[in-house]
Structure formats: structure tokens, C-alpha cells
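Following: one structure in C-alpha cells, then a few remarks.
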Amino acid sequence: MDMNEQLYDDVSIERLVKAQFGVSLEIDSVIARRIPVGRSVEGTLFLTSKKQLMLYVDGESKLYLSDIRKIVSRVGLVAEAYLPPKNQPHYFEDIGRRKFQEVFPGRKVVNEQDIAFYTTLAPYSPALIHIREVKNGVIYQYDSDATGGWRPHSKFSYRRILTS
């Protein structure tokens, strides 16, 4: 991939993120570009101009929040936040409540513990994840031939330090 293609790819991700998640960001540098994170799913890990590490996941497969959580963990990352689709700040909770009500139609009082599992059943593709840290300083990619299905892609150290 030459420099122009990479620049075009970065701009297209910025536009997709703005359109799908309502988040304006500027890509400063790409750590891992279009790495396989599943059989037909790719992920791009990048730093924004504000030095926030983000993972954008997209592919042909139908993905749910539970799948994205597994992908984030297997890539070797720790998530800070899973960003909901544009103009739907309570997207995961709303779907969790709806699915919970389908299973338990008689229950009127529903709390966060009740819907915790059901929120993971929310469709989530494409996905945008704000990353807190890279575990052990290694980023992994999916490889069906590797032992365990994952192999190291690159080394990168990152940990978000909370300030007051």
C-alpha cells in the first residue's frame, strides 16, 4: 500500500467514524492497518491527534457486542469504551432491555444487572472502540494456521493514564 492509498484509507476511516458514530477525530498515526481480526473481519488500530488509541472493526460478518469484546481481548487490548452508533447514546442498554423483555415479558422492574448479558446481544458492526491499554505490549492478528488462531502482528506499548 503506497502513501496515497494510506492517506485515502485514513480519510475514509475518519469520514466513516463521523458518519456512523458522530465522532470527529483526526488520525495521527496508524499502528495496525486492516489486520485480520476474524475470518472475514478486519481491524484498524490508530492514534488520534489527541493521542487516544482507537480500534475500528468492520467486515462482512454479522457481529454483536459480545463478538467485538472477544476480538478486543484476543487482539491484546483493554477497552475503555465501546462507542454506540450516532444519535443513539443508550443503544446497547435499549437493545438489552428489549431482548430482556422478550425473554421475561412479565418483569416490569429491570436494572443494569438484569440486562448486562442481553446488551452483549446488540448488533455492532462496524464497531469503534476507545482503547485503554495494549496488554503486554503486543498486538495480535487472527491467523487460522497459528496455534490458538492468533499470532503476533506488532509490538506497541500504550496505557492511558487518567488525570484529574
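We label chains A, B, ... in the order they appear in the C-alpha cells, count residues from 1 in each chain, and number ligands from 1 in the order shown.
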Give me the residues within 10 Å of Trp150 of chain A as JSON, numbers by chain, counting only C-alpha atoms and dropping any in the same chain fewer than 2 places off.
{"A": [36, 37, 38, 74, 75, 139, 140, 141, 142, 143, 144, 145, 146, 147, 148, 152, 153]}
I need the residues in segment 12-161 of chain A that are alpha helix (DSSP H) according to DSSP; give them as a VMD selection string.
chain A and resid 12 to 21 65 to 75 91 to 103 112 to 119
Ser66 of chain A surroundings by only C-alpha atoms, 8 Å radius, close-in-sequence under 4 positions cut, as a PDB file with N, CA and C atoms, in the first residue's frame:
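The resulting file, result_5.pdb, is reproduced below:
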```pdb
ATOM      1  N   LYS A  70     -14.748 -10.007  22.495  1.00  0.00           N
ATOM      2  CA  LYS A  70     -13.786 -11.110  22.324  1.00  0.00           C
ATOM      3  C   LYS A  70     -12.645 -10.691  21.415  1.00  0.00           C
ATOM      4  N   THR A 120     -25.032  -7.571  25.420  1.00  0.00           N
ATOM      5  CA  THR A 120     -23.987  -8.160  24.565  1.00  0.00           C
ATOM      6  C   THR A 120     -24.565  -8.743  23.283  1.00  0.00           C
ATOM      7  N   LEU A 121     -25.898  -8.840  23.192  1.00  0.00           N
ATOM      8  CA  LEU A 121     -26.547  -9.375  22.003  1.00  0.00           C
ATOM      9  C   LEU A 121     -26.901  -8.276  20.993  1.00  0.00           C
TER      10      LEU A 121
END
```
Non-local contacts of Phe104 of chain A (12 Å; only C-alpha atoms; under 5 positions in same chain excluded) as number ranges by chain:
A: 96-99, 109-110, 114-115, 118
Write out the residues from the selection above, keeping C-alpha atoms, as a tab-separated table (two decimals), in the first residue's frame.
```tsv
chain	number	residue	atom	x	y	z
A	96	GLY	CA	-30.58	-5.14	26.17
A	97	ARG	CA	-33.90	-4.04	27.70
A	98	ARG	CA	-35.84	-5.04	24.58
A	99	LYS	CA	-34.25	-8.50	24.46
A	109	VAL	CA	-38.61	-3.56	37.14
A	110	VAL	CA	-35.40	-4.01	35.19
A	114	ASP	CA	-30.67	-7.86	34.66
A	115	ILE	CA	-29.78	-6.59	31.19
A	118	TYR	CA	-28.65	-9.03	26.91
```
Counting only C-alpha atoms, what is within 7 Å of Phe21 of chain A, bar same-chain residues fewer than 5 positions away, as an mmCIF file with N, CA and C atoms, in the first residue's frame?
```cif
data_model
loop_
_atom_site.group_PDB
_atom_site.id
_atom_site.type_symbol
_atom_site.label_atom_id
_atom_site.label_comp_id
_atom_site.auth_asym_id
_atom_site.auth_seq_id
_atom_site.Cartn_x
_atom_site.Cartn_y
_atom_site.Cartn_z
ATOM 1 N N PRO A 84 -21.310 3.861 20.896
ATOM 2 C CA PRO A 84 -22.574 3.487 20.248
ATOM 3 C C PRO A 84 -22.750 4.209 18.915
ATOM 4 N N PRO A 85 -23.662 3.726 18.078
ATOM 5 C CA PRO A 85 -23.935 4.396 16.804
ATOM 6 C C PRO A 85 -24.406 5.844 17.017
ATOM 7 N N LYS A 86 -24.226 6.650 15.987
ATOM 8 C CA LYS A 86 -24.569 8.070 16.010
ATOM 9 C C LYS A 86 -26.023 8.294 16.443
#
```
Enumerate the residues of segment 44-90 of chain A with a DSSP assignment of strand (DSSP E), computed from the backbone, and present them as a PyMOL selection string.
chain A and resi 44-48+53-59+77-83
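Comparing A:Leu47, A:Ala127, A:Met3, A:Val78 by their smallest distance to Leu16 of chain A, the closest is A:Ala127 (using only C-alpha atoms).
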Contacts of Leu77 of chain A at 9 Å or less, counting only C-alpha atoms, minus same-chain residues fewer than 6 places along, as a VMD selection string?
chain A and resid 71 131 to 135 138 to 139
Save the residues we just selected, C-alpha atoms, as a compact mmCIF listing (two decimals), in the first residue's frame?
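Result file is again-v8.txt:
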```
# COMPACT_ATOMS: atom_id res chain seq x y z
CA ILE A 71 -11.95 -9.57 19.37
CA ILE A 131 -8.68 1.54 23.94
CA ARG A 132 -7.28 1.92 27.46
CA GLU A 133 -4.12 -0.18 27.05
CA VAL A 134 -2.22 -2.73 25.00
CA LYS A 135 -1.70 -5.83 27.17
CA VAL A 138 1.92 -6.95 21.73
CA ILE A 139 -0.86 -6.58 19.14
```
Residues near Pro126 of chain A, anyone? I mean within 9 Å using only C-alpha atoms, not counting same-chain ones fewer than 3 positions away, as a tab-separated table (two decimals) with C-alpha atoms, in the first residue's frame.
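The new file selection02.tsv reads:
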```
chain	number	residue	atom	x	y	z
A	20	GLN	CA	-21.57	6.14	11.75
A	56	TYR	CA	-12.18	0.40	14.13
A	57	VAL	CA	-13.58	-3.05	13.27
A	58	ASP	CA	-15.59	-3.83	10.15
A	59	GLY	CA	-16.25	-6.80	7.92
A	63	LEU	CA	-21.11	-9.03	14.66
```
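Nearest residue to Ala122 of chain A, choosing from A:Ile68, A:Leu53, A:Val103, A:Ala81 and counting only C-alpha atoms: A:Ile68.
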